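A.B. asks: Contents of query.cif (mmCIF, C-alpha atoms) are below:
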data_start
#
loop_
_atom_site.label_atom_id
_atom_site.label_comp_id
_atom_site.auth_asym_id
_atom_site.auth_seq_id
_atom_site.Cartn_x
_atom_site.Cartn_y
_atom_site.Cartn_z
CA MET A 158 21.01 1.07 15.55
CA VAL A 159 23.99 1.73 17.80
CA GLY A 160 25.82 5.01 17.25
CA ALA A 161 23.34 6.52 14.79
CA PRO A 162 21.09 9.46 15.62
CA THR A 163 17.35 9.07 15.10
CA TYR A 164 14.88 11.05 13.00
CA ASP A 165 11.24 10.63 13.90
CA LEU A 166 9.35 12.46 11.16
CA ASP A 167 7.91 10.56 8.19
CA LEU A 168 9.40 10.97 4.71
CA PHE A 169 6.69 8.84 3.20
CA ASP A 170 3.39 10.25 4.39
CA GLU A 171 1.63 12.69 2.09
CA ALA A 172 3.27 15.74 3.68
CA GLY A 173 6.70 14.12 3.47
CA ILE A 174 6.16 13.27 -0.18
CA ILE A 175 4.95 16.75 -1.12
CA ASP A 176 7.66 18.56 0.83
CA PRO A 177 10.67 16.34 1.52
CA TYR A 178 13.60 18.72 1.27
CA GLY A 179 13.46 20.17 4.78
CA HIS A 180 13.44 16.60 6.11
CA TYR A 181 16.45 15.67 4.00
CA ARG A 182 18.41 18.68 5.28
CA ALA A 183 17.60 17.88 8.89
CA ILE A 184 18.67 14.27 8.36
CA ARG A 185 21.94 15.32 6.69
CA ASP A 186 22.71 17.57 9.64
CA LEU A 187 22.26 14.72 12.12
CA GLY A 188 25.03 12.51 10.73
CA PRO A 189 26.27 10.23 7.94
CA VAL A 190 23.84 7.44 8.90
CA VAL A 191 20.53 8.26 10.55
CA TRP A 192 17.91 5.86 11.86
CA LEU A 193 14.60 6.85 10.28
CA SER A 194 12.19 5.54 12.89
CA PRO A 195 8.89 5.65 10.94
CA LEU A 196 10.63 3.63 8.22
CA GLY A 197 12.47 1.29 10.58
CA MET A 198 15.61 1.60 8.44
CA PRO A 199 18.83 3.61 8.53
CA VAL A 200 19.31 6.18 5.77
CA VAL A 201 22.34 7.74 4.07
CA ALA A 202 21.65 11.30 2.99
CA ARG A 203 24.90 13.22 2.43
CA TYR A 204 26.43 13.52 -1.04
CA ASP A 205 29.90 12.10 -0.27
CA ASP A 206 28.48 9.13 1.61
CA VAL A 207 25.79 8.40 -1.00
CA ARG A 208 28.37 8.42 -3.78
CA ALA A 209 30.77 6.26 -1.77
CA VAL A 210 28.07 3.70 -0.96
CA LEU A 211 26.96 3.51 -4.59
CA ALA A 212 30.58 3.19 -5.75
CA ASP A 213 31.28 0.35 -3.33
CA HIS A 214 28.95 -2.21 -4.87
CA GLU A 215 30.88 -5.09 -3.31
CA THR A 216 30.15 -3.96 0.23
CA PHE A 217 26.72 -2.46 -0.46
CA VAL A 218 25.01 -5.06 -2.60
CA SER A 219 21.90 -5.07 -4.76
CA GLY A 220 21.31 -8.83 -5.04
CA GLN A 221 18.79 -8.88 -2.20
CA GLY A 222 16.78 -6.17 -3.94
CA VAL A 223 17.08 -2.41 -3.95
CA LEU A 224 13.50 -1.47 -3.18
CA MET A 225 11.88 -0.63 0.11
CA ASN A 226 9.74 -3.63 0.99
CA ASP A 227 10.07 -7.41 0.75
CA ILE A 228 7.24 -7.92 -1.75
CA ALA A 229 8.85 -5.58 -4.25
CA ASN A 230 12.25 -7.15 -3.73
CA ASP A 231 10.71 -10.55 -4.41
CA LEU A 232 9.00 -9.28 -7.57
CA THR A 233 12.25 -7.83 -8.94
CA ARG A 234 14.36 -10.91 -8.34
CA GLY A 235 16.42 -11.69 -11.46
CA THR A 236 16.53 -8.15 -12.81
CA THR A 237 19.82 -6.42 -13.61
CA LEU A 238 18.82 -3.81 -11.05
CA ALA A 239 18.78 -6.37 -8.26
CA SER A 240 21.85 -8.39 -9.12
CA ASP A 241 25.54 -8.49 -8.19
CA HIS A 242 28.73 -9.58 -9.86
CA PRO A 243 29.19 -11.83 -11.77
CA GLU A 244 25.57 -12.21 -12.88
CA HIS A 245 25.10 -8.44 -12.95
CA ASP A 246 27.81 -7.75 -15.52
CA LYS A 247 26.37 -10.36 -17.91
CA LEU A 248 22.84 -9.03 -17.59
CA ARG A 249 23.91 -5.41 -17.84
CA GLN A 250 25.67 -6.11 -21.13
CA VAL A 251 22.50 -7.65 -22.55
CA VAL A 252 20.28 -4.83 -21.32
CA ALA A 253 22.53 -1.82 -21.85
CA HIS A 254 23.98 -2.26 -25.30
CA ARG A 255 20.93 -0.86 -27.09
CA LEU A 256 20.76 2.12 -24.73
CA THR A 257 24.23 3.57 -25.09
CA PRO A 258 24.44 6.95 -26.82
CA ARG A 259 26.13 5.28 -29.77
CA ALA A 260 23.38 2.68 -30.12
CA LEU A 261 20.81 5.46 -29.88
CA ARG A 262 22.34 7.53 -32.68
CA SER A 263 20.02 5.85 -35.16
CA GLU A 264 17.01 6.75 -32.97
CA LYS A 265 17.93 10.40 -32.54
CA SER A 266 16.11 11.90 -35.51
CA ALA A 267 12.96 9.86 -34.87
CA ILE A 268 12.97 11.06 -31.26
CA GLU A 269 13.46 14.66 -32.38
CA ALA A 270 10.58 14.31 -34.83
CA LYS A 271 8.31 13.03 -32.04
CA ALA A 272 9.27 15.99 -29.86
CA GLU A 273 8.46 18.37 -32.70
CA ALA A 274 5.04 16.80 -33.19
CA ILE A 275 4.21 16.98 -29.49
CA VAL A 276 5.31 20.61 -29.26
CA GLN A 277 3.42 21.54 -32.42
CA ARG A 278 0.22 20.11 -30.95
CA VAL A 279 0.45 21.97 -27.65
CA LEU A 280 1.21 25.30 -29.31
CA ASP A 281 -2.34 25.25 -30.66
CA LEU A 282 -3.83 24.90 -27.19
CA ASP A 283 -4.46 27.68 -24.70
CA VAL A 284 -3.93 26.26 -21.22
CA ILE A 285 -2.16 22.91 -21.30
CA ASP A 286 -1.29 20.34 -18.68
CA GLY A 287 2.49 20.00 -18.74
CA VAL A 288 2.09 16.47 -17.38
CA THR A 289 -0.53 14.89 -19.64
CA ASP A 290 0.18 16.97 -22.75
CA ILE A 291 3.97 16.83 -22.71
CA ALA A 292 5.52 14.77 -19.91
CA HIS A 293 3.37 11.69 -20.60
CA ALA A 294 3.26 12.20 -24.34
CA MET A 295 6.98 12.08 -25.06
CA PRO A 296 7.98 8.83 -23.28
CA MET A 297 4.76 7.18 -24.46
CA ALA A 298 5.67 8.13 -28.04
CA VAL A 299 9.15 6.64 -27.70
CA VAL A 300 9.32 3.84 -25.17
CA PRO A 301 6.63 1.31 -26.15
CA ASP A 302 7.79 1.22 -29.78
CA PHE A 303 11.42 1.05 -28.77
CA LEU A 304 10.74 -1.87 -26.44
CA GLY A 305 8.45 -3.60 -28.91
CA PHE A 306 5.28 -3.45 -26.82
CA PRO A 307 2.20 -4.01 -29.02
CA ASP A 308 -0.67 -1.52 -29.28
CA ASP A 309 -3.11 -3.51 -27.14
CA CYS A 310 -1.19 -2.83 -23.94
CA ARG A 311 -0.77 0.93 -24.43
CA PRO A 312 -3.86 1.94 -22.39
CA HIS A 313 -2.43 0.05 -19.41
CA LEU A 314 1.20 1.14 -19.53
CA LEU A 315 0.96 4.32 -17.48
CA ARG A 316 -1.09 2.61 -14.79
CA TRP A 317 1.35 -0.30 -14.67
CA ALA A 318 4.36 2.02 -14.53
CA LYS A 319 2.87 4.05 -11.68
CA GLY A 320 2.03 0.83 -9.85
CA ALA A 321 5.48 -0.63 -10.37
CA THR A 322 7.19 2.38 -8.84
CA GLU A 323 4.77 2.76 -5.93
CA ALA A 324 5.11 -0.98 -5.26
CA GLY A 325 8.80 -0.31 -4.53
CA ALA A 326 8.07 2.31 -1.89
CA PRO A 327 7.55 1.61 1.81
CA VAL A 328 4.28 -0.19 2.53
CA SER A 329 1.35 2.23 2.72
CA GLU A 330 -2.34 2.36 1.92
CA ARG A 331 -1.26 2.62 -1.73
CA THR A 332 0.77 -0.60 -1.75
CA ALA A 333 -1.98 -3.18 -2.34
CA ALA A 334 -3.25 -1.51 -5.53
CA ALA A 335 0.33 -0.87 -6.66
CA VAL A 336 1.35 -4.50 -6.20
CA ALA A 337 -1.77 -5.59 -8.11
CA ALA A 338 -0.75 -3.34 -11.03
CA ALA A 339 2.88 -4.49 -10.81
CA THR A 340 1.73 -8.11 -10.84
CA GLU A 341 -0.36 -7.47 -13.97
CA LEU A 342 2.70 -5.92 -15.56
CA GLY A 343 4.77 -8.96 -14.60
CA GLY A 344 2.16 -11.28 -16.09
CA TYR A 345 2.12 -9.24 -19.28
CA ALA A 346 5.91 -9.42 -19.55
CA HIS A 347 5.70 -13.21 -19.34
CA HIS A 348 3.01 -13.26 -22.00
CA LEU A 349 5.07 -11.02 -24.32
CA VAL A 350 8.13 -13.20 -23.96
CA GLU A 351 6.23 -16.45 -24.50
CA SER A 352 4.32 -15.17 -27.52
CA ARG A 353 7.59 -13.91 -29.10
CA GLY A 354 5.45 -11.18 -30.66
CA MET A 355 7.78 -8.21 -30.30
CA PRO A 356 8.81 -6.71 -33.66
CA ALA A 357 12.29 -7.42 -35.02
CA GLY A 358 14.67 -4.63 -34.08
CA SER A 359 12.93 -3.82 -30.81
CA LEU A 360 14.71 -4.20 -27.49
CA GLY A 361 12.23 -6.91 -26.55
CA ALA A 362 13.02 -8.92 -29.66
CA ASP A 363 16.73 -8.42 -28.93
CA LEU A 364 16.27 -9.99 -25.53
CA ILE A 365 14.58 -13.05 -26.99
CA ALA A 366 17.39 -13.33 -29.53
CA ALA A 367 19.95 -13.14 -26.72
CA ALA A 368 18.14 -16.01 -24.98
CA ASP A 369 18.06 -18.00 -28.21
CA ARG A 370 21.84 -17.55 -28.46
CA GLY A 371 22.22 -18.80 -24.89
CA GLU A 372 23.50 -15.46 -23.56
CA VAL A 373 20.72 -15.40 -20.98
CA ARG A 374 18.28 -18.06 -19.84
CA ALA A 375 14.80 -17.89 -21.34
CA GLU A 376 13.28 -17.70 -17.83
CA GLN A 377 15.23 -14.49 -17.27
CA CYS A 378 13.61 -12.62 -20.16
CA PRO A 379 10.49 -11.35 -18.38
CA ALA A 380 12.61 -9.87 -15.60
CA LEU A 381 14.97 -8.27 -18.12
CA LEU A 382 12.04 -6.84 -20.03
CA LEU A 383 10.92 -5.25 -16.77
CA ASP A 384 14.46 -3.91 -16.31
CA TYR A 385 13.81 -1.91 -19.46
CA PHE A 386 10.21 -1.00 -18.88
CA GLY A 387 9.99 -0.45 -15.14
CA PRO A 388 12.12 2.68 -14.90
CA SER A 389 11.51 4.00 -18.40
CA LEU A 390 8.24 5.88 -18.06
CA GLU A 391 7.74 7.34 -14.57
CA THR A 392 11.27 8.69 -14.31
CA THR A 393 11.29 10.44 -17.68
CA ILE A 394 7.75 11.71 -17.10
CA SER A 395 8.95 13.11 -13.80
CA ALA A 396 11.96 14.85 -15.34
CA LEU A 397 9.90 16.42 -18.14
CA GLY A 398 7.23 17.67 -15.76
CA SER A 399 9.78 19.01 -13.31
CA ALA A 400 11.67 20.75 -16.14
CA LEU A 401 8.53 22.54 -17.28
CA GLY A 402 7.63 23.52 -13.72
CA LEU A 403 11.11 24.83 -13.00
CA PHE A 404 11.36 26.84 -16.21
CA ALA A 405 7.87 28.24 -15.59
CA ARG A 406 8.99 29.50 -12.16
CA HIS A 407 12.41 30.70 -13.41
CA PRO A 408 11.86 32.47 -16.74
CA GLU A 409 15.37 33.93 -16.64
CA GLN A 410 16.72 30.36 -16.90
CA TRP A 411 14.43 29.77 -19.88
CA ASP A 412 15.87 32.90 -21.51
CA LEU A 413 19.38 31.52 -20.96
CA LEU A 414 18.45 28.23 -22.64
CA ARG A 415 16.80 30.03 -25.56
CA ALA A 416 19.91 32.15 -26.05
CA ASP A 417 22.29 29.17 -25.83
CA PRO A 418 20.75 25.81 -26.77
CA THR A 419 23.97 24.00 -25.79
CA LEU A 420 22.84 24.56 -22.19
CA VAL A 421 20.26 21.79 -22.65
CA ALA A 422 22.67 19.19 -21.22
CA GLY A 423 23.20 21.29 -18.12
CA ALA A 424 19.46 21.88 -17.92
CA PHE A 425 18.75 18.15 -17.92
CA ASN A 426 21.35 17.62 -15.18
CA GLU A 427 19.98 20.49 -13.10
CA VAL A 428 16.40 19.23 -13.30
CA VAL A 429 17.46 15.73 -12.25
CA ARG A 430 19.65 17.18 -9.51
CA LEU A 431 17.06 19.50 -8.03
CA GLU A 432 13.97 17.30 -8.38
CA SER A 433 15.49 13.84 -8.57
CA PRO A 434 12.82 11.57 -10.07
CA LEU A 435 13.80 8.56 -7.96
CA ARG A 436 14.16 9.62 -4.34
CA GLY A 437 16.55 6.76 -3.66
CA PHE A 438 17.08 3.02 -3.58
CA THR A 439 18.28 0.63 -0.92
CA ARG A 440 21.42 -1.41 -0.53
CA VAL A 441 22.31 -4.20 1.90
CA ALA A 442 25.64 -4.23 3.72
CA ALA A 443 27.26 -7.52 2.72
CA ARG A 444 29.62 -7.41 5.71
CA ASP A 445 30.25 -5.36 8.83
CA THR A 446 31.38 -1.92 7.70
CA THR A 447 31.37 1.74 8.64
CA ILE A 448 29.94 4.85 7.03
CA GLY A 449 31.65 7.88 8.52
CA ASP A 450 31.95 7.08 12.19
CA VAL A 451 28.89 4.83 12.29
CA PHE A 452 29.23 1.07 12.51
CA VAL A 453 26.91 -0.73 10.07
CA PRO A 454 26.46 -4.44 10.83
CA GLY A 455 26.48 -6.89 7.94
CA GLY A 456 22.93 -7.57 6.75
CA THR A 457 21.70 -4.03 7.38
CA ARG A 458 19.46 -2.59 4.67
CA LEU A 459 19.99 1.15 4.16
CA PHE A 460 17.93 3.69 2.19
CA VAL A 461 20.35 5.69 0.02
CA ILE A 462 18.72 9.06 -0.68
CA PHE A 463 19.82 10.39 -4.09
CA ALA A 464 17.43 13.33 -3.82
CA SER A 465 19.03 14.44 -0.57
CA ALA A 466 22.62 14.05 -1.80
CA ASN A 467 21.71 16.25 -4.75
CA ARG A 468 20.93 19.19 -2.44
CA ASP A 469 23.70 18.64 0.10
CA GLU A 470 25.13 22.03 1.00
CA ARG A 471 28.41 20.23 1.75
CA ARG A 472 28.80 19.68 -2.00
CA TRP A 473 26.58 22.27 -3.73
CA GLU A 474 26.68 26.06 -3.43
CA ARG A 475 23.15 27.54 -3.34
CA PRO A 476 21.85 23.94 -3.39
CA ASP A 477 18.17 24.78 -3.72
CA GLU A 478 18.68 27.18 -6.61
CA PHE A 479 17.78 26.18 -10.18
CA ASP A 480 20.86 27.17 -12.20
CA ILE A 481 21.34 25.42 -15.53
CA THR A 482 24.83 26.93 -15.95
CA ARG A 483 26.42 25.38 -12.85
CA GLU A 484 28.79 22.39 -12.85
CA ASN A 485 26.32 19.62 -12.15
CA ALA A 486 27.25 16.58 -14.22
CA ASP A 487 28.28 14.71 -11.06
CA HIS A 488 24.84 14.67 -9.46
CA VAL A 489 23.62 11.25 -8.30
CA GLY A 490 20.03 11.46 -9.55
CA LEU A 491 20.81 8.69 -12.03
CA GLY A 492 22.67 6.69 -9.41
CA TYR A 493 26.40 6.10 -9.76
CA GLY A 494 28.78 3.25 -10.47
CA VAL A 495 28.07 -0.19 -11.92
CA HIS A 496 24.32 0.22 -11.39
CA GLY A 497 24.25 3.79 -12.74
CA CYS A 498 21.13 4.27 -14.85
CA ALA A 499 21.59 2.27 -18.04
CA GLY A 500 18.80 4.20 -19.74
CA GLN A 501 20.17 7.67 -19.15
CA GLY A 502 21.19 8.10 -22.78
CA LEU A 503 17.58 7.66 -23.82
CA ALA A 504 16.36 9.95 -21.06
CA ARG A 505 18.80 12.65 -22.16
CA LEU A 506 17.63 12.32 -25.75
CA GLU A 507 13.94 12.51 -24.89
CA VAL A 508 14.16 15.41 -22.46
CA GLY A 509 16.76 17.19 -24.59
CA ALA A 510 14.61 16.92 -27.71
CA VAL A 511 11.53 18.34 -25.98
CA LEU A 512 13.38 21.21 -24.31
CA THR A 513 15.30 22.05 -27.48
CA GLN A 514 12.16 22.16 -29.58
CA LEU A 515 10.25 24.19 -26.98
CA ALA A 516 13.16 26.62 -26.70
CA ARG A 517 12.98 27.24 -30.44
CA VAL A 518 9.29 28.17 -30.49
CA VAL A 519 8.20 29.19 -26.99
CA THR A 520 9.32 32.52 -25.54
CA ARG A 521 7.78 31.94 -22.15
CA ILE A 522 6.38 29.05 -20.15
CA GLU A 523 3.86 30.56 -17.77
CA PRO A 524 2.18 28.93 -14.77
CA ALA A 525 -1.58 28.83 -15.36
CA GLY A 526 -2.86 27.38 -12.10
CA GLU A 527 -1.88 25.39 -9.03
CA PRO A 528 0.22 22.31 -9.80
CA VAL A 529 -0.66 19.04 -8.09
CA ARG A 530 2.00 16.64 -6.82
CA LEU A 531 1.91 12.94 -7.64
CA ILE A 532 1.53 11.02 -4.39
CA ASN A 533 4.06 8.23 -4.86
CA GLY A 534 6.50 7.10 -2.20
CA LEU A 535 9.43 6.55 -4.55
CA VAL A 536 8.99 9.03 -7.42
CA ARG A 537 9.06 12.83 -7.19
CA ALA A 538 6.77 14.21 -9.89
CA TYR A 539 3.82 16.36 -10.77
CA GLU A 540 0.41 14.82 -11.33
CA SER A 541 -0.85 17.96 -13.03
CA LEU A 542 0.88 21.19 -14.10
CA PRO A 543 -1.32 23.86 -15.73
CA LEU A 544 0.73 26.02 -18.07
CA ARG A 545 0.34 28.57 -20.81
CA LEU A 546 2.96 28.51 -23.58
CA HIS A 547 3.68 31.82 -25.28
CA ALA A 548 4.70 31.17 -28.86
CA ALA A 549 7.46 33.12 -30.55
CA MET B 98 48.61 11.93 -11.79
CA ASN B 99 47.63 8.85 -13.76
CA ILE B 100 44.25 7.92 -15.22
CA ILE B 101 42.92 4.38 -15.21
CA ALA B 102 40.10 3.71 -17.65
CA ASP B 103 37.97 0.58 -17.26
CA ARG B 104 37.10 0.18 -20.95
CA ALA B 105 35.01 -2.91 -20.26
CA ARG B 106 32.78 -0.91 -17.94
CA CYS B 107 32.61 2.12 -20.26
CA GLU B 108 29.25 2.39 -22.03
CA GLY B 109 29.93 5.52 -24.05
CA HIS B 110 27.74 7.99 -22.14
CA GLY B 111 30.33 10.59 -23.09
CA LEU B 112 30.20 12.85 -20.07
CA CYS B 113 33.99 12.63 -19.71
CA GLU B 114 34.50 13.92 -23.25
CA ASP B 115 31.91 16.67 -22.71
CA THR B 116 33.70 17.81 -19.55
CA ALA B 117 37.36 17.39 -20.55
CA PRO B 118 37.81 16.77 -24.28
CA GLU B 119 41.53 17.63 -23.86
CA ILE B 120 41.93 14.32 -22.08
CA TYR B 121 39.01 12.03 -22.89
CA GLU B 122 37.47 11.07 -26.19
CA LEU B 123 35.21 8.31 -27.40
CA ASP B 124 36.52 6.13 -30.21
CA ASP B 125 34.49 4.77 -33.13
CA ASP B 126 33.04 2.12 -30.84
CA ALA B 127 32.07 4.92 -28.44
CA ILE B 128 34.45 3.59 -25.79
CA VAL B 129 36.72 6.00 -23.92
CA VAL B 130 40.25 6.59 -25.15
CA LEU B 131 42.71 8.56 -23.04
CA ARG B 132 44.80 11.24 -24.71
CA TYR B 133 47.05 11.11 -21.63
CA GLU B 134 47.57 8.28 -19.17
CA SER B 135 50.09 10.35 -17.25
CA VAL B 136 48.54 13.78 -16.89
CA PRO B 137 50.57 16.99 -17.25
CA PRO B 138 50.13 19.25 -14.19
CA GLU B 139 48.15 21.92 -16.04
CA LEU B 140 45.49 19.35 -17.00
CA GLU B 141 45.12 17.66 -13.62
CA ARG B 142 41.96 19.53 -12.65
CA LYS B 143 40.30 18.65 -15.96
CA ALA B 144 41.37 15.02 -15.64
CA GLU B 145 39.75 14.82 -12.22
CA ALA B 146 36.63 16.59 -13.40
CA GLY B 147 36.20 14.26 -16.35
CA ALA B 148 36.74 11.16 -14.22
CA ARG B 149 34.33 12.44 -11.64
CA VAL B 150 31.37 12.75 -13.98
CA CYS B 151 31.53 9.23 -15.39
CA PRO B 152 28.11 7.89 -14.40
CA VAL B 153 29.31 4.29 -14.23
CA ALA B 154 32.59 5.05 -12.39
CA ALA B 155 34.74 3.67 -15.22
CA LEU B 156 37.45 6.31 -14.72
CA ARG B 157 39.81 6.70 -11.83
CA VAL B 158 42.64 9.18 -11.23
CA THR B 159 45.54 8.33 -8.98
CA SER B 160 47.97 10.92 -7.67
#
Can you turn what I pasted into structure tokens?

C.D. replies:
Amino acid sequence: MVGAPTYDLDLFDEAGIIDPYGHYRAIRDLGPVVWLSPLGMPVVARYDDVRAVLADHETFVSGQGVLMNDIANDLTRGTTLASDHPEHDKLRQVVAHRLTPRALRSEKSAIEAKAEAIVQRVLDLDVIDGVTDIAHAMPMAVVPDFLGFPDDCRPHLLRWAKGATEAGAPVSERTAAAVAAATELGGYAHHLVESRGMPAGSLGADLIAAADRGEVRAEQCPALLLDYFGPSLETTISALGSALGLFARHPEQWDLLRADPTLVAGAFNEVVRLESPLRGFTRVAARDTTIGDVFVPGGTRLFVIFASANRDERRWERPDEFDITRENADHVGLGYGVHGCAGQGLARLEVGAVLTQLARVVTRIEPAGEPVRLINGLVRAYESLPLRLHAA
Amino acid sequence: MNIIADRARCEGHGLCEDTAPEIYELDDDAIVVLRYESVPPELERKAEAGARVCPVAALRVTS
């Protein structure tokens, strides 16, 4: 790519997945657009440029897919995620209206009750796994019911969710298995839509009703169901695990949250800023354009690195420091602009409920062994996080 | 400074109100309502801050 510096180290091998932040910094220092040679794609890594690209959805489009390989972009055709105006606005309205904070008001106490039950259970254990005992438990308690997924699919959901996210990453030795899982998930979504078996009141049933009213085409429903499901587990699991890991390593921040529970909003933002669950998505330049002083030809696909923007020293003071009191609501871990995460209200509720309940009853979250990173090209998360919770 | 609110794009995430309740509030439909369209100088920083945090970029300030 003419005019762009090159970076030759791999962000997507195991080392790059486990420890990406030094890479991101080096890439940011090279320029506003950097050719990532192992990926064969240019990347945008600085905060101002990432935000500007996401805001300019007419130049940097999503309709050709936002994932990192062609198979995944084929599989996500027809989703809100991978659409542009005018189709996008229509689909977003159908998908987002049950996820706004106002729509979720009626879910709030049920979600809080689920958090209380999960926390109560782990208090009775000695060493827990922050991932399986808390980070998995909360979204699994909320999301399948909310979507209207029946009980028979529950054993498969985590495997499908992991597969769906890995399928969106650059092709690797993990891709074949991931695509197989993602394809199963796609088949299941079709089956759910055709059987019309999702309980009244669920988001899934809502979608069918919208199709019955002619607001969307029936053939679009499986893709829209995946719009809901695809990002709803792995991302929230990531944020919960990362929150526990960060508070375990920074007990003074846990003390701050315990003393002032209103800091939970800032805590959620800071977790998503520092350990952004989705490393980034792609966009395609719809026309010749520039980013900074770099010419970007029309048709170029770029990897837009949210996780890098969120630690850009050009925007953040002490960028690598976990500080739940800082001004951080303008991070880009949930994207930004018309495609900004539609499910963030639900994510805030789930993570907020767990942290709030833990803060009431746990004086200290203590590391109890070596954590293990999830090896996934797109999602930053723990696979396992041994902890000991000290009860009040 | 003026504020332009795209009420059709607003989804009621409420970050604007959390950041700058002097300027932004959500109505009964949880859509943003501006207390000021033309911002007094002493509130300009807050107006910018509130617009900045809108996750769906529904708010814009113009000088």

A.B. asks: Measuring between only C-alpha atoms, which one of A:Arg468, A:Arg444, A:Arg458, A:Arg208 shows the shortest distance to B:Arg149?

C.D. replies: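 Among the listed residues, the smallest separation from B:Arg149 belongs to A:Arg208.
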
A.B. asks: Specify as a PyMOL selection string each residue included when the PyMOL selection byres ((chain A and resi 508) around 12) is applied to this file.

C.D. replies: chain A and resi 265+268-269+271-272+291-296+299+392-401+421-426+428-429+501-507+509-515

A.B. asks: Name every residue that the PyMOL selection byres ((chain B and resi 132) around 6) selects in this structure, writing the answer as a ChimeraX atom specification with chains first and numbers rising.

C.D. replies: /B:120,131,133

A.B. asks: For this file, the PyMOL selection byres ((chain B) within 10 of (chain A)) selects which residues, as a list in words?

C.D. replies: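 For this structure, the PyMOL selection byres ((chain B) within 10 of (chain A)) resolves to Ala105, Arg106, Cys107, Glu108, Gly109, His110, Gly111, Leu112, Cys113, Asp115, Thr116, Leu123, Asp125, Asp126, Ala127, Ile128, Ala146, Gly147, Ala148, Arg149, Val150, Cys151, Pro152, Val153, Ala154 and Ala155 of chain B.
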
A.B. asks: Might you pull out every residue within 6 Å of A:Ala466, with only C-alpha atoms counted and same-chain residues fewer than 4 positions away left off, and present them as number ranges by chain?

C.D. replies: A: 202-204

A.B. asks: So that I can see what lies close to B:Asn99, please list as a list in words the residues with an atom at most 6 Å from it, counting all atoms listed in the file and leaving out residues fewer than 2 positions away in the same chain.

C.D. replies: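 Non-adjacent residues within range: Glu134, Ser135, Val136, Val158 and Thr159 of chain B.
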
A.B. asks: Please save C-alpha atoms of the selected residues as a PDB file, in the coordinates of the input.

C.D. replies:
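Wrote part.pdb, looks like this:
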ATOM      1  CA  GLU B 134      47.570   8.280 -19.170  1.00  0.00           C
ATOM      2  CA  SER B 135      50.090  10.350 -17.250  1.00  0.00           C
ATOM      3  CA  VAL B 136      48.540  13.780 -16.890  1.00  0.00           C
ATOM      4  CA  VAL B 158      42.640   9.180 -11.230  1.00  0.00           C
ATOM      5  CA  THR B 159      45.540   8.330  -8.980  1.00  0.00           C
TER       6      THR B 159
END

A.B. asks: One decimal, Å: what's the distance from atom CA of A:Asp176 over to atom CA of A:Arg530, could you say?

C.D. replies: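 Answer for the atom CA of A:Asp176 to atom CA of A:Arg530 separation: 9.7 Å.
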
A.B. asks: When you draw a straight line from atom CA of A:Met225 to atom CA of A:Glu540, how long is it in Å?

C.D. replies: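 About the pair atom CA of A:Met225 and atom CA of A:Glu540: they are 22.4 Å apart.
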
A.B. asks: Counting only C-alpha atoms, figure out which residue out of A:Pro312, A:Leu232, A:Val252, A:Glu474 gets nearest to A:Gly344.

C.D. replies: A:Leu232

A.B. asks: Compile the contact shell of A:Gly358 as a ChimeraX atom specification: residues with an atom at most 12 Å away, counting all atoms listed in the file, same-chain residues fewer than 2 positions apart removed.

C.D. replies: /A:255,263-264,302-306,354-356,360-366

A.B. asks: If you measure from atom CA of A:Pro524 to atom CA of A:Ala405, what distance in Å do you get, rounded to one decimal?

C.D. replies: 5.8 Å

A.B. asks: Dig up all the protein and nucleic acid residues within 7 Å of (9.9, 1.4, -2.9) in the file frame, using all atoms listed in the file, and format them as a CSV table (one decimal) with C-alpha atoms, in the frame of the given file.

C.D. replies:
chain,number,residue,atom,x,y,z
A,224,LEU,CA,13.5,-1.5,-3.2
A,225,MET,CA,11.9,-0.6,0.1
A,226,ASN,CA,9.7,-3.6,1.0
A,322,THR,CA,7.2,2.4,-8.8
A,323,GLU,CA,4.8,2.8,-5.9
A,324,ALA,CA,5.1,-1.0,-5.3
A,325,GLY,CA,8.8,-0.3,-4.5
A,326,ALA,CA,8.1,2.3,-1.9
A,327,PRO,CA,7.6,1.6,1.8
A,534,GLY,CA,6.5,7.1,-2.2
A,535,LEU,CA,9.4,6.6,-4.6

A.B. asks: Residues at most 9 Å from A:Pro388, counting all atoms listed in the file, excluding those fewer than 3 positions away in the same chain, as a PyMOL selection string?

C.D. replies: chain A and resi 318+321-322+383-385+391-393+500

A.B. asks: Would you write out those residues with C-alpha atoms, as a tab-separated table (two decimals), keeping the file's coordinate frame?

C.D. replies:
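Dumped everything to selection_13.tsv:
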chain	number	residue	atom	x	y	z
A	318	ALA	CA	4.36	2.02	-14.53
A	321	ALA	CA	5.48	-0.63	-10.37
A	322	THR	CA	7.19	2.38	-8.84
A	383	LEU	CA	10.92	-5.25	-16.77
A	384	ASP	CA	14.46	-3.91	-16.31
A	385	TYR	CA	13.81	-1.91	-19.46
A	391	GLU	CA	7.74	7.34	-14.57
A	392	THR	CA	11.27	8.69	-14.31
A	393	THR	CA	11.29	10.44	-17.68
A	500	GLY	CA	18.80	4.20	-19.74
